[in-house]
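Participant: Below: one structure in structure tokens.
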Amino acid sequence: MAFLPSVLRFRQRNASEKRSSSLRGTQSPTLRSEPSTSDTATPPSNSGIIKTGIKRATRLRRIFTYSASFSYLCSFVFLILVLIGNTRDKPVLNDIYFYKLVLTDIIPMSIPNASLINSIAQSIGLHDFYQVGLWNFCEGYQNVGITSCSTPQTLYWFNPVEVLMSELLAGATIALPTQVILILNVLRITSQIMFGFFLTATILNFVLIFVSLMATRSRWWSLFLSLTALTSSILVTSASIVGSVISFVFKYASEAQSDLNIHAYVGTKMFVFMWLASGFSLCSFIVHSGMGCCCVSERDIKTGRREVRNGVVQDN
């Protein structure tokens, strides 16, 4: 009977080992399924990654959009200077004109008593010079400056015959070059066209300063804005060409008659301002045209043409 205690101990040890083995089998999956501290960390937001990717992908397009808007702003500022030039006798405005007609010595000094005749011409109402802007003209004397400016008018055009005759005494006349008279009708039509083009382009460029920011949305916006920018560029450039032609033709026609000592000068500041406005409008058109086929837009990503993966935009 001495072997019974040993047998009982052996069975008790086997039962104890089975229970511990069973306990380990039931607890091990639970231990493996417990997440670690690092696994419980909140993953980054998918929408945040997409927004970052969109912002990064459209960065170049935004830069071009802002540059186009800045070009419109510059063009608008120069067009404003063109519009308000020569409207008043102010330090800056009185130097902005298309052309200046100088009649200081309309009678050549080779003529006997030329100084006396020129003085008489001034006494009966003839001024030393007349300078023409977009809305009106100003007149004055060389040793005094501008004495008065006419009332601004829409679709204004400068008629030298009418202006000079209205300022002379009744019955007094003055001979003007034949070339000036022949181009009066052309001068009237082209001046009114130029006026309308400059005014329309100024309003259009002001609106495009803000609307051009929509180019970041899609290529369709870029297409629309490129067509609008083309219209603005054509208007400004055409008006600048017309203004240049009128000024140089008027200068040539005024000085063509050597019998009359008339001089004409083209306004440098006016030319610089209107051609700078044309250049900036053209730059805006080029930028919008380029964005129509280049640079990723927000719509490209939202429609699936471009996909954001790990913050990087990729083609599908």
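So you can find residues: chains in the structure tokens are A, B, ... in the order shown, residues in each start at 1, and ligands are numbered from 1 in order.
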Show me, as a Markdown table, the residues of region 203-308 of chain A having an atom within 10 Å of region 132-136 of chain A, each with the closest atom pair and its distance in Å, using only C-alpha atoms.
Facilitator:
```
| residue | atom | partner | partner_atom | distance |
| --- | --- | --- | --- | --- |
| A:Gly243 | CA | A:Leu134 | CA | 9.4 |
| A:Ser247 | CA | A:Val132 | CA | 9.5 |
| A:Val266 | CA | A:Val132 | CA | 9.9 |
| A:Gly267 | CA | A:Val132 | CA | 9.2 |
| A:Met270 | CA | A:Gly133 | CA | 8.8 |
```
Participant: Please identify every residue of region 60-164 of chain A that has at least one atom no farther than 12 Å from an atom of region 183-199 of chain A, counting only C-alpha atoms, and for each give the shortest atom pair and the distance in Å to one decimal, arranged by chain then increasing number, as a tab-separated table.
Facilitator:
```
residue	atom	partner	partner_atom	distance
A:Ser75	CA	A:Phe198	CA	11.2
A:Phe76	CA	A:Phe198	CA	10.3
A:Phe78	CA	A:Phe198	CA	10.8
A:Leu79	CA	A:Phe198	CA	7.2
A:Ile80	CA	A:Leu199	CA	9.1
A:Leu81	CA	A:Phe198	CA	11.0
A:Val82	CA	A:Phe198	CA	8.3
A:Leu83	CA	A:Leu199	CA	7.6
A:Ile84	CA	A:Leu199	CA	11.0
A:Phe98	CA	A:Ser191	CA	11.0
A:Val132	CA	A:Ser191	CA	11.0
A:Gly133	CA	A:Phe195	CA	10.1
A:Leu134	CA	A:Phe195	CA	6.5
A:Trp135	CA	A:Phe195	CA	8.1
A:Asn136	CA	A:Phe195	CA	11.2
A:Gln153	CA	A:Phe195	CA	10.4
A:Thr154	CA	A:Phe195	CA	7.8
A:Leu155	CA	A:Gln192	CA	4.8
A:Tyr156	CA	A:Gln192	CA	6.4
A:Trp157	CA	A:Arg188	CA	5.5
A:Phe158	CA	A:Arg188	CA	7.5
A:Asn159	CA	A:Leu184	CA	7.0
A:Pro160	CA	A:Leu184	CA	8.6
A:Val161	CA	A:Leu184	CA	9.0
A:Glu162	CA	A:Leu184	CA	10.6
```
Participant: State, in Å with one decimal place, the distance from CA of Thr216 (chain A) to CA of Met274 (chain A).
Facilitator: 29.2 Å
Participant: Do you know which residues are at most 7 Å from Lys269 (chain A) counting only C-alpha atoms, after dropping those on the same chain fewer than 3 positions away, and could you put them as a PyMOL selection string?
Facilitator: chain A and resi 96+272-273
Participant: Which distance in Å separates CA of Ser289 (chain A) and CA of Ser226 (chain A), to one decimal?
Facilitator: 5.3 Å
Participant: Could you please determine the separation between CA of Ser222 (chain A) and CA of Val236 (chain A) in Å, to one decimal place?
Facilitator: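 Computing the Euclidean distance for CA of Ser222 (chain A) and CA of Val236 (chain A) yields 20.4 Å.
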Participant: So, with only C-alpha atoms as the atoms that count, which of A:Val287, A:Leu103, A:Cys74, A:Cys149 lies closest to Asn205 (chain A)?
Facilitator: A:Cys74
Participant: So which residues of region 244-295 of chain A fall under strand (DSSP E or B) by DSSP, listed as a PDB file with N, CA, C and O atoms, in the first residue's frame?
Facilitator:
```pdb
ATOM      1  N   HIS A 263       3.643 124.208 -84.201  1.00  0.00           N
ATOM      2  CA  HIS A 263       4.362 123.046 -83.703  1.00  0.00           C
ATOM      3  C   HIS A 263       3.388 122.145 -82.944  1.00  0.00           C
ATOM      4  O   HIS A 263       2.416 122.623 -82.335  1.00  0.00           O
ATOM      5  N   ALA A 264       3.646 120.877 -82.990  1.00  0.00           N
ATOM      6  CA  ALA A 264       2.820 119.899 -82.264  1.00  0.00           C
ATOM      7  C   ALA A 264       3.735 118.893 -81.576  1.00  0.00           C
ATOM      8  O   ALA A 264       4.762 118.486 -82.134  1.00  0.00           O
ATOM      9  N   TYR A 265       3.357 118.503 -80.364  1.00  0.00           N
ATOM     10  CA  TYR A 265       4.164 117.574 -79.578  1.00  0.00           C
ATOM     11  C   TYR A 265       3.274 116.434 -79.086  1.00  0.00           C
ATOM     12  O   TYR A 265       2.110 116.640 -78.724  1.00  0.00           O
ATOM     13  N   VAL A 266       3.830 115.257 -79.102  1.00  0.00           N
ATOM     14  CA  VAL A 266       3.123 114.068 -78.617  1.00  0.00           C
ATOM     15  C   VAL A 266       3.381 113.911 -77.126  1.00  0.00           C
ATOM     16  O   VAL A 266       4.515 114.059 -76.661  1.00  0.00           O
TER      17      VAL A 266
END
```
